[in-house]
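Comments concern the structure below.
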Amino acid sequence: MKPKLSRFAIPYVIWMALFVVAPIVLVVVYAFSNDLGGFTLENFSKMGTYAVVFGRSFKLALIATLICLVIGYPVSYMMSREGERFQRVAMVLIMLPMWINFLLRTYSWMSILENNGLLNQVFQKTGLLSLYNSLFGTSLEYFPMMNTQGAVVLGMVYNYLPFMILPIYSVIVKLDGSLVEAARDLGADGVNVFRRVILPLSLPGVLSGITMVFVPSVSTFAISKMLGGGTDLLLGDLIEQQFLGGAYNPQLGAAISLVMMVIVVVCMVVMNRFGEGEEQAVIL
Amino acid sequence: MKRRNRLGSRALMALVFLFLYAPIFLLIVFSFNKGNSNIVWTGFSLDWYKSLFQNRLIMRSVYTTLLVSLLATAIATVAGTFAAIGFYSLRRRTRTALNTVNSIPMMNADIVTGVAMCLFFVAFFTFWGDFSVWFNSVQRVVVLPERLTLGFGTLLIAHVTFNIPYVILSVGPKLRQMDKNLVDAAQDLGCTWMQAFWKVILPEIKPGIASGALTAFTMSVDDFIISYFTAGSSSSTLAMTIYGMTKKRVTPEINAVSTLLFVTVLALLVIVNLREARAERSGEERRPVSRKLTQMLDTPKGRVFRRGAAVVLTASFLIAVVLLTGATNAQPVVNVCSWGEYIDEDLITQFEEETGIAVNYQTAESNEALYSLLKSGAGDYDVIVPSDYMISQLIEEDMLAELDYSRIPNYGLISDRFKGLTYDPQERYTVPYAWGTVGIIYNTSMVEEPITSWSALFDDRYAGNVLMFRNSRDAMATALSYLGYSLNTTDESELREAFQLLKDAKNRGVYQSFVMDEIFQKLEGGNAAIGVYYAGDYLTMLENNEDLAFVVPEEGSNWFMDAMCVLKNAPNYEEAMAWINFIASTEANLANMDYLWYASPNQEALEQYPAYYEELYEEELGQEAYDIIAAPQEVLDRCEAYLVLPLETRKLYNDLWTELGI
């Protein structure tokens with residue numbers, strides 16, 4: 001008798017039920033209960049107040065994702081056209097920063113961007129600051145860069161750019177070269193080859209890159225706290241605050257998590273409609 | 001033409017790499033800095049590398065990180081590979097469904113995964129508690145532990161859970177590329193499924209397994225958010241330690257440990273890549289070691305060896321797990337949660353040497369955050385050091401245990417004026433730790449005139465230069481005090497007026513940021529002009545920036561007492577008593593007072609401190625400095641202690657506080 005390989009899946013299915021599905025069910029239960037455990041919709045009726053936070057988080061995450069895409073796509077494309085050796089080195093160089101904890105890399109940005117930080121000191125020493133002041137008639141002592149939304153977006157782009165480059169690159173590099181040749185033989189020029197062959201074929205990579213940048217960006221709390229100064233809350237901050245922060249209310253936190261989760265899932269489903277076959281979404 | 005193109009593309013890539021590596025380069029450079037700044041270079045030294053190996057907190061968290069990452073990667077790689085094979089041989093529809101569930105941890109925001117698991121674990125522990133009590137009562141043979149807590153075990157489960165999907169994701173495609181008939185053929189030829197797996201499937205999917213394991217390990221090492229919600233208080237990964245530090249000052253020791261990790265990984269990757277490149281060049285001539293090993297394992301002798309190896313591996317893994325869980329019980333331990341840099345760390349070493357009790361020292365950001373930690377079950381401590389009003393609230397909610405004062409003889413040394421305060425009138429739950437006042441700290445070179453009033457915190461002249469508290473009670477208190485209301489008001493209109501004052505100031509851009517311990521580096525570095533914080537911390541900042549000044553505003557302020565308490569059902573009650581008694585001693589109080597510059601409640605320490613200071617630093621402690629540490633009566637007269645607020649007001653605070661952030 002042929003033994004069934006499919007029974008290999010059983011332990012993991014149980015594991016998933018326990019540690020993936022059950023916790024999420026619990027979040028849903030919490031979202032619909034009050035602090036005494038009774039059923040309530042109160043947590044959701046409050047959600048309108050937080051629309052601003054939702055808006056801000058999605059806006060910043062979207063900007064960061066776009067920037068990552070605009071930088072990441074050309075870089076992935078150019079990388080794939082280099083020699084094999086170059087590609088290997090470049091891949092290593094892109095993965096390597098992940099080995100220094102992202103909090104530390106973000107902290108390093110703090111010392112660069114502070115009012116008295118490295119960048120401002122450079123501006124002062126090189127006279128760029130006084131040049132700016134005389135040009136625009138201002139009397140700045142420094143360029144305020146820390147604690148702005150710009151700094152938060154920078155932090156997101158910095159931390160998640162590799163997540164955009166890696167999937168796009170891994171799809172482009174596997175493209176069948178003969179397709180490009182065929183297109184050229186059939187008379188397509190460089191622009192057309194890119195637009196009609198390479199771009200559509202690299203779409204799965206782009207889509208998974210977008211997801212991998214957007215989701216962590218929209219839910220971050222460390223980056224916004226460190227670079228944004230905590231004056232403008234993001235969704236992640238709001239959720240963290242309800243669980244381990246200064247305003248204990250896990251039911252509300254669960255409700256916000258749930259709403260965020262639903263919005264993200266809907267976005268992703270809609271997006272994946274554009275690029276079927278996303279199963280190929282590869283990270284490495 | 002083509003050449004120029006390449007030049008342009010290389011320039012762009014160089015720019016991207018510069019962007020990625022500039023902050024890292026900076027980190028590495030400053031790990032060799034003599035001073036402890038991340039901005040000012042004061043000379044080359046290896047001191048931080050030396051002190052790194054003596055820093056128990058960092059070394060322990062590096063150990064935890066590596067251990068949890070390695071274990072999680074090993075488990076996830078094995079489990080993920082089997083699961084992928086299982087998925088692969090399922091019917092298409094079932095497979096798609098399972099794949100969707102499998103991708104949840106990857107696609108879900110980390111914070112949701114973390115929060116969900118935290119809720120799940122805590123719910124399970126509650127259930128387990130009830131179950132084990134019942135189970136232990138009906139039979140005597142097996143005694144189940146009644147109290148489970150978040151810790152290394154939950155951390156490991158969480159890491160395994162988010163690692164497996166990455167393994168499946170990289171093994172899956174390799175399986176699909178494999179010729180399906182191979183397995184059938186092998187089985188038709190008489191292979192058992194185990195043999196089919198070892199001989200046919202494994203060699204085909206090996207590259208997928210390797211890249212899956214590498215991804216999993218990288219994700220584990222880099223993870224912060226999920227660990228933050230599932231590690232509890234007893235274990236802390238490097239990322240969590242760093243997060244705790246970014247609030248105050250990241251010591252360059254962290255730069256040093258990161259540099260070491262970075263260089264190790266770089267070296268490993270270079271070696272692996274060089275080997276691969278060489279292997280490619282020389283074609284199939286030189287087989288990789290792994291190939292040789294598999295060949296060797298295929299001989300009959302090897303098969304026995306292989307089975308033996310599997311047994312040894314499993315056994316050693318089990319032993320490791322048992323040791324790990326057992327190690328925590330071997331030595332008596334006390335879990336302490338206090339505030340950041342709120343103890344002279346030599347005291348911890350001294351206590352450990354004197355008593356043989358290990359101290360697991362954790363910090364919380366504020367009273368409110370501590371309360372959240374306790375409530376959510378993420379914090380599992382014996383001794384906590386909350387402030388007055390939070391103590392009342394914890395007593396009210398029956399969360400504190402009564403102290404056994406007969407084991408704390410040093411309680412007698414506490415000054416009578418700090419005994420039986422409103423939060424613990426019958427002296428049953430607390431031993432005072434330190435007290436102080438809240439005031440404005442400002443940079444004299446950045447303001448036009450000396451500051452005397454809270455109005456500075458709402459003044460447009462200082463727009464973008466003011467640091468406000470990031471905790472509701474203290475932030476609201478500044479506004480209430482400015483408006484002339486009681487800090488303990490329950491009047492909703494007064495509270496809303498104070499909130500509006502803060503909200504308007506925030507909207508006008510007065511506040512540069514909301515901070516807790518981040519205030520140290522911001523004020524010391526001259527990055528902000530005005531901040532509001534605790535008196536003792538001002539003196540710490542003064543050491544690093546002489547332009548700073550401190551004032552308790554004329555309208556009045558808050559004076560606070562932080563006291564040690566023990567949580568109900570604390571697992572280490574005896575050890576907790578020993579710790580409290582040790583900290584209450586005059587010597588410990590003097591050391592702490594010198595380190596924190598918060599006033600001691602110990603009468604002897606309070607009196608002896610100026611002499612202690614003179615002996616230690618060979619200079620006199622000015623009266624002015626002493627008065628900042630231990631505010632004189634006329635300052636205390638205009639200050640008010642926080643009282644616990646009724647539940648309704650607390651809810652209003654929570655709502656207002658969340659609204660302020662919006």
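Residues are referred to by chain and number: the chain letter is A, B, ... according to the order shown in the structure tokens, the number counts from 1 in that chain, and ligands are numbered separately from 1 in the order shown.
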
Practice problem: Do a neighbour search on Tyr653 (chain B) at 12 Å with only C-alpha atoms, toss out local chain neighbours closer than 4 positions, and write the hits as a PyMOL selection string. | Solution: (chain A and resi 246-248) or (chain B and resi 368+471-477+488-492+495-496+498-499+645-649+657-660)

Any chance you could export the current selection's N, CA and C atoms as a PDB file, in the first residue's frame?
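Writing the result to again29.pdb gives the following:
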```pdb
ATOM      1  N   GLY A 246      -0.002  53.600  27.601  1.00  0.00           N
ATOM      2  CA  GLY A 246      -0.550  54.442  28.650  1.00  0.00           C
ATOM      3  C   GLY A 246      -2.060  54.447  28.788  1.00  0.00           C
ATOM      4  N   ALA A 247      -2.796  53.784  27.923  1.00  0.00           N
ATOM      5  CA  ALA A 247      -4.259  53.838  28.023  1.00  0.00           C
ATOM      6  C   ALA A 247      -4.805  52.431  27.872  1.00  0.00           C
ATOM      7  N   TYR A 248      -4.842  51.684  28.955  1.00  0.00           N
ATOM      8  CA  TYR A 248      -5.167  50.270  28.863  1.00  0.00           C
ATOM      9  C   TYR A 248      -6.607  50.024  28.456  1.00  0.00           C
TER      10      TYR A 248
ATOM     11  N   GLU B 368       1.168  54.121  34.036  1.00  0.00           N
ATOM     12  CA  GLU B 368       0.077  53.627  33.194  1.00  0.00           C
ATOM     13  C   GLU B 368       0.536  52.425  32.382  1.00  0.00           C
ATOM     14  N   ASN B 471       2.695  60.667  29.291  1.00  0.00           N
ATOM     15  CA  ASN B 471       1.787  59.861  30.095  1.00  0.00           C
ATOM     16  C   ASN B 471       0.699  60.773  30.597  1.00  0.00           C
ATOM     17  N   SER B 472      -0.515  60.263  30.606  1.00  0.00           N
ATOM     18  CA  SER B 472      -1.690  61.116  30.761  1.00  0.00           C
ATOM     19  C   SER B 472      -1.690  61.883  32.070  1.00  0.00           C
ATOM     20  N   ARG B 473      -1.357  61.212  33.162  1.00  0.00           N
ATOM     21  CA  ARG B 473      -1.516  61.855  34.461  1.00  0.00           C
ATOM     22  C   ARG B 473      -0.586  63.064  34.583  1.00  0.00           C
ATOM     23  N   ASP B 474       0.688  62.880  34.241  1.00  0.00           N
ATOM     24  CA  ASP B 474       1.653  63.965  34.371  1.00  0.00           C
ATOM     25  C   ASP B 474       1.377  65.094  33.380  1.00  0.00           C
ATOM     26  N   ALA B 475       1.003  64.722  32.156  1.00  0.00           N
ATOM     27  CA  ALA B 475       0.751  65.757  31.154  1.00  0.00           C
ATOM     28  C   ALA B 475      -0.449  66.606  31.564  1.00  0.00           C
ATOM     29  N   MET B 476      -1.522  65.944  31.980  1.00  0.00           N
ATOM     30  CA  MET B 476      -2.712  66.690  32.396  1.00  0.00           C
ATOM     31  C   MET B 476      -2.415  67.547  33.617  1.00  0.00           C
ATOM     32  N   ALA B 477      -1.553  67.040  34.500  1.00  0.00           N
ATOM     33  CA  ALA B 477      -1.251  67.781  35.720  1.00  0.00           C
ATOM     34  C   ALA B 477      -0.624  69.142  35.414  1.00  0.00           C
ATOM     35  N   ASN B 488      -6.070  66.548  41.384  1.00  0.00           N
ATOM     36  CA  ASN B 488      -6.911  65.372  41.606  1.00  0.00           C
ATOM     37  C   ASN B 488      -8.369  65.646  41.283  1.00  0.00           C
ATOM     38  N   THR B 489      -8.600  66.684  40.504  1.00  0.00           N
ATOM     39  CA  THR B 489      -9.973  67.050  40.213  1.00  0.00           C
ATOM     40  C   THR B 489     -10.693  65.929  39.464  1.00  0.00           C
ATOM     41  N   THR B 490     -11.992  65.802  39.768  1.00  0.00           N
ATOM     42  CA  THR B 490     -12.795  64.831  39.035  1.00  0.00           C
ATOM     43  C   THR B 490     -13.858  65.549  38.217  1.00  0.00           C
ATOM     44  N   ASP B 491     -13.770  66.875  38.237  1.00  0.00           N
ATOM     45  CA  ASP B 491     -14.745  67.691  37.527  1.00  0.00           C
ATOM     46  C   ASP B 491     -14.476  67.624  36.027  1.00  0.00           C
ATOM     47  N   GLU B 492     -15.457  67.124  35.285  1.00  0.00           N
ATOM     48  CA  GLU B 492     -15.211  66.871  33.871  1.00  0.00           C
ATOM     49  C   GLU B 492     -14.901  68.148  33.100  1.00  0.00           C
ATOM     50  N   LEU B 495     -11.352  69.132  33.646  1.00  0.00           N
ATOM     51  CA  LEU B 495     -10.445  68.235  32.925  1.00  0.00           C
ATOM     52  C   LEU B 495     -10.458  68.528  31.429  1.00  0.00           C
ATOM     53  N   ARG B 496     -11.661  68.796  30.915  1.00  0.00           N
ATOM     54  CA  ARG B 496     -11.747  69.076  29.482  1.00  0.00           C
ATOM     55  C   ARG B 496     -11.044  70.388  29.146  1.00  0.00           C
ATOM     56  N   ALA B 498      -8.435  71.602  30.699  1.00  0.00           N
ATOM     57  CA  ALA B 498      -6.998  71.310  30.712  1.00  0.00           C
ATOM     58  C   ALA B 498      -6.599  70.571  29.443  1.00  0.00           C
ATOM     59  N   PHE B 499      -7.441  69.624  29.043  1.00  0.00           N
ATOM     60  CA  PHE B 499      -7.159  68.863  27.829  1.00  0.00           C
ATOM     61  C   PHE B 499      -7.100  69.796  26.625  1.00  0.00           C
ATOM     62  N   LEU B 645      -7.822  58.207  41.174  1.00  0.00           N
ATOM     63  CA  LEU B 645      -9.045  58.811  40.664  1.00  0.00           C
ATOM     64  C   LEU B 645     -10.119  57.751  40.540  1.00  0.00           C
ATOM     65  N   PRO B 646     -11.380  58.169  40.652  1.00  0.00           N
ATOM     66  CA  PRO B 646     -12.451  57.186  40.468  1.00  0.00           C
ATOM     67  C   PRO B 646     -12.443  56.624  39.048  1.00  0.00           C
ATOM     68  N   LEU B 647     -12.995  55.434  38.904  1.00  0.00           N
ATOM     69  CA  LEU B 647     -12.946  54.704  37.638  1.00  0.00           C
ATOM     70  C   LEU B 647     -13.409  55.560  36.458  1.00  0.00           C
ATOM     71  N   GLU B 648     -14.494  56.318  36.700  1.00  0.00           N
ATOM     72  CA  GLU B 648     -15.046  57.109  35.614  1.00  0.00           C
ATOM     73  C   GLU B 648     -14.045  58.153  35.123  1.00  0.00           C
ATOM     74  N   THR B 649     -13.382  58.799  36.085  1.00  0.00           N
ATOM     75  CA  THR B 649     -12.392  59.808  35.710  1.00  0.00           C
ATOM     76  C   THR B 649     -11.213  59.169  34.993  1.00  0.00           C
ATOM     77  N   TRP B 657      -6.630  61.093  26.584  1.00  0.00           N
ATOM     78  CA  TRP B 657      -5.229  60.863  26.228  1.00  0.00           C
ATOM     79  C   TRP B 657      -5.106  60.299  24.823  1.00  0.00           C
ATOM     80  N   THR B 658      -5.980  59.333  24.500  1.00  0.00           N
ATOM     81  CA  THR B 658      -5.961  58.797  23.146  1.00  0.00           C
ATOM     82  C   THR B 658      -6.312  59.887  22.151  1.00  0.00           C
ATOM     83  N   GLU B 659      -7.283  60.725  22.534  1.00  0.00           N
ATOM     84  CA  GLU B 659      -7.713  61.787  21.628  1.00  0.00           C
ATOM     85  C   GLU B 659      -6.601  62.802  21.396  1.00  0.00           C
ATOM     86  N   LEU B 660      -5.802  63.042  22.420  1.00  0.00           N
ATOM     87  CA  LEU B 660      -4.718  64.019  22.286  1.00  0.00           C
ATOM     88  C   LEU B 660      -3.727  63.568  21.228  1.00  0.00           C
TER      89      LEU B 660
END
```

Quiz item: Leu596 (chain B): which residues within 9 Å, counting only C-alpha atoms, same-chain residues fewer than 6 positions away excluded, as a list in words?
Solution: Glu341, Tyr342, Ile343, Asp344, Gly536, Asp537, Leu539 and Thr540 of chain B

So that I have them on file, write out the residues from the current selection with C-alpha atoms, as an mmCIF file, in the first residue's frame.
```
data_model
loop_
_atom_site.group_PDB
_atom_site.id
_atom_site.type_symbol
_atom_site.label_atom_id
_atom_site.label_comp_id
_atom_site.auth_asym_id
_atom_site.auth_seq_id
_atom_site.Cartn_x
_atom_site.Cartn_y
_atom_site.Cartn_z
ATOM 1 C CA GLU B 341 17.824 53.981 35.223
ATOM 2 C CA TYR B 342 16.130 53.930 38.585
ATOM 3 C CA ILE B 343 18.685 51.937 40.506
ATOM 4 C CA ASP B 344 22.410 51.893 41.098
ATOM 5 C CA GLY B 536 16.361 64.153 40.244
ATOM 6 C CA ASP B 537 16.703 63.536 36.531
ATOM 7 C CA LEU B 539 20.712 66.772 38.038
ATOM 8 C CA THR B 540 21.675 63.798 35.884
#
```

Exercise. Run DSSP on the backbone and grab whatever in region 559-592 of chain B lands in strand (DSSP E or B); send it over as a PyMOL selection string.
Key: chain B and resi 559-567

Quiz item: Per DSSP on the backbone, what are the helix (DSSP H, G or I) residues of region 319-432 of chain B, as a ChimeraX atom specification?
Solution: /B:319-330,345-355,367-376,388-396,405-407,409-413,416-418

Quiz item: What is the distance between CA of Phe102 (chain A) and CA of Thr65 (chain A), in Å to one decimal?
Solution: 17.5 Å

Quiz item: Any idea what the distance is between CA of Ile583 (chain B) and CA of Lys568 (chain B)?
Solution: 20.2 Å

Self-check item: For Gly436 (chain B): contacts at 8 Å, only C-alpha atoms, fewer than 2 positions along chain excluded, given as a PyMOL selection string
Solution: chain B and resi 434+438+534-536+559-561+598-599+629-631

Can you pull out every residue within 10 Å of Gly379 (chain B), counting only C-alpha atoms, but drop anything in the same chain fewer than 4 positions away, and send it as a PDB file with C-alpha atoms, in the first residue's frame?
```
ATOM      1  CA  LEU A 244       1.029  47.826  26.748  1.00  0.00           C
TER       2      LEU A 244
ATOM      3  CA  THR B 149       3.522  32.840  32.428  1.00  0.00           C
ATOM      4  CA  LEU B 150       4.790  34.412  29.263  1.00  0.00           C
ATOM      5  CA  GLY B 151       8.460  33.672  28.833  1.00  0.00           C
ATOM      6  CA  ALA B 231       8.278  37.375  25.665  1.00  0.00           C
ATOM      7  CA  GLY B 232       6.778  38.499  28.945  1.00  0.00           C
ATOM      8  CA  SER B 233       9.080  39.901  31.564  1.00  0.00           C
ATOM      9  CA  SER B 234      11.458  37.061  32.214  1.00  0.00           C
ATOM     10  CA  ASN B 335      11.617  39.576  39.253  1.00  0.00           C
ATOM     11  CA  CYS B 337      10.056  45.921  37.599  1.00  0.00           C
ATOM     12  CA  GLN B 362      12.960  44.984  34.080  1.00  0.00           C
ATOM     13  CA  ALA B 364       8.377  50.010  32.506  1.00  0.00           C
ATOM     14  CA  LEU B 370       3.120  49.295  34.143  1.00  0.00           C
ATOM     15  CA  TYR B 371      -0.581  48.909  34.827  1.00  0.00           C
ATOM     16  CA  SER B 372      -1.142  47.747  31.228  1.00  0.00           C
ATOM     17  CA  LEU B 373       1.710  45.259  31.545  1.00  0.00           C
ATOM     18  CA  LEU B 374       0.211  43.822  34.718  1.00  0.00           C
ATOM     19  CA  LYS B 375      -3.326  43.713  33.384  1.00  0.00           C
TER      20      LYS B 375
END
```

Quiz item: Which one is closest to Leu260 (chain B): A:Leu128, A:Ile100, A:Phe136, A:Met164? Count only C-alpha atoms.
Solution: A:Ile100

Self-check item: Option closest in space to chain A, from B:Thr430, B:Thr264, B:Asn38, B:Ser455 [counting only C-alpha atoms]
Solution: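 Nearest to chain A: B:Asn38.
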
Quiz item: Neighbours of Ile168 (chain A) within 9 Å (only C-alpha atoms; same-chain residues fewer than 6 positions away dropped), as an MDAnalysis selection string?
Solution: chainID A and resid 72:73 76:77 202:209 282:283

Exercise. Grab the CA of Glu449 (chain B) to CA of Glu518 (chain B) distance for me, in Å with one decimal place.
Key: 25.2 Å

Need the shell around Leu201 (chain A): protein/DNA/RNA residues with any atom at most 9 Å away, counting only C-alpha atoms. Skip same-chain ones fewer than 3 positions apart. Format as a short mmCIF file (atom, residue, chain, number, x, y, z; two decimals) with C-alpha atoms, in the first residue's frame?
```cif
data_model
loop_
_atom_site.label_atom_id
_atom_site.label_comp_id
_atom_site.auth_asym_id
_atom_site.auth_seq_id
_atom_site.Cartn_x
_atom_site.Cartn_y
_atom_site.Cartn_z
CA VAL A 171 11.09 37.72 -10.46
CA ILE A 172 12.97 39.80 -13.05
CA LEU A 175 12.50 36.16 -16.77
CA ARG A 196 4.70 44.97 -22.93
CA VAL A 197 7.00 42.17 -21.83
CA ILE A 198 9.12 42.87 -18.79
CA PRO A 204 3.86 39.43 -9.26
CA GLY A 205 7.14 40.59 -7.76
#
```

Quiz item: Do you know which residues are at most 9 Å from Phe54 (chain A) counting only C-alpha atoms, after dropping those on the same chain fewer than 2 positions away, and could you put them as a PyMOL selection string?
Solution: chain A and resi 50-52+56-59+218+234-235+260

Just write the chosen residues, C-alpha atoms, as a tab-separated table (two decimals), in the first residue's frame.
```tsv
chain	number	residue	atom	x	y	z
A	50	TYR	CA	-9.74	57.49	15.01
A	51	ALA	CA	-10.43	58.08	11.33
A	52	VAL	CA	-7.68	60.69	11.36
A	56	ARG	CA	-2.55	59.41	8.46
A	57	SER	CA	-1.19	55.88	8.72
A	58	PHE	CA	-2.44	54.85	5.31
A	59	LYS	CA	-1.19	58.10	3.77
A	218	VAL	CA	1.01	50.95	8.09
A	234	LEU	CA	-0.01	56.08	13.84
A	235	LEU	CA	-2.20	52.98	13.96
A	260	MET	CA	-6.95	47.57	10.19
```
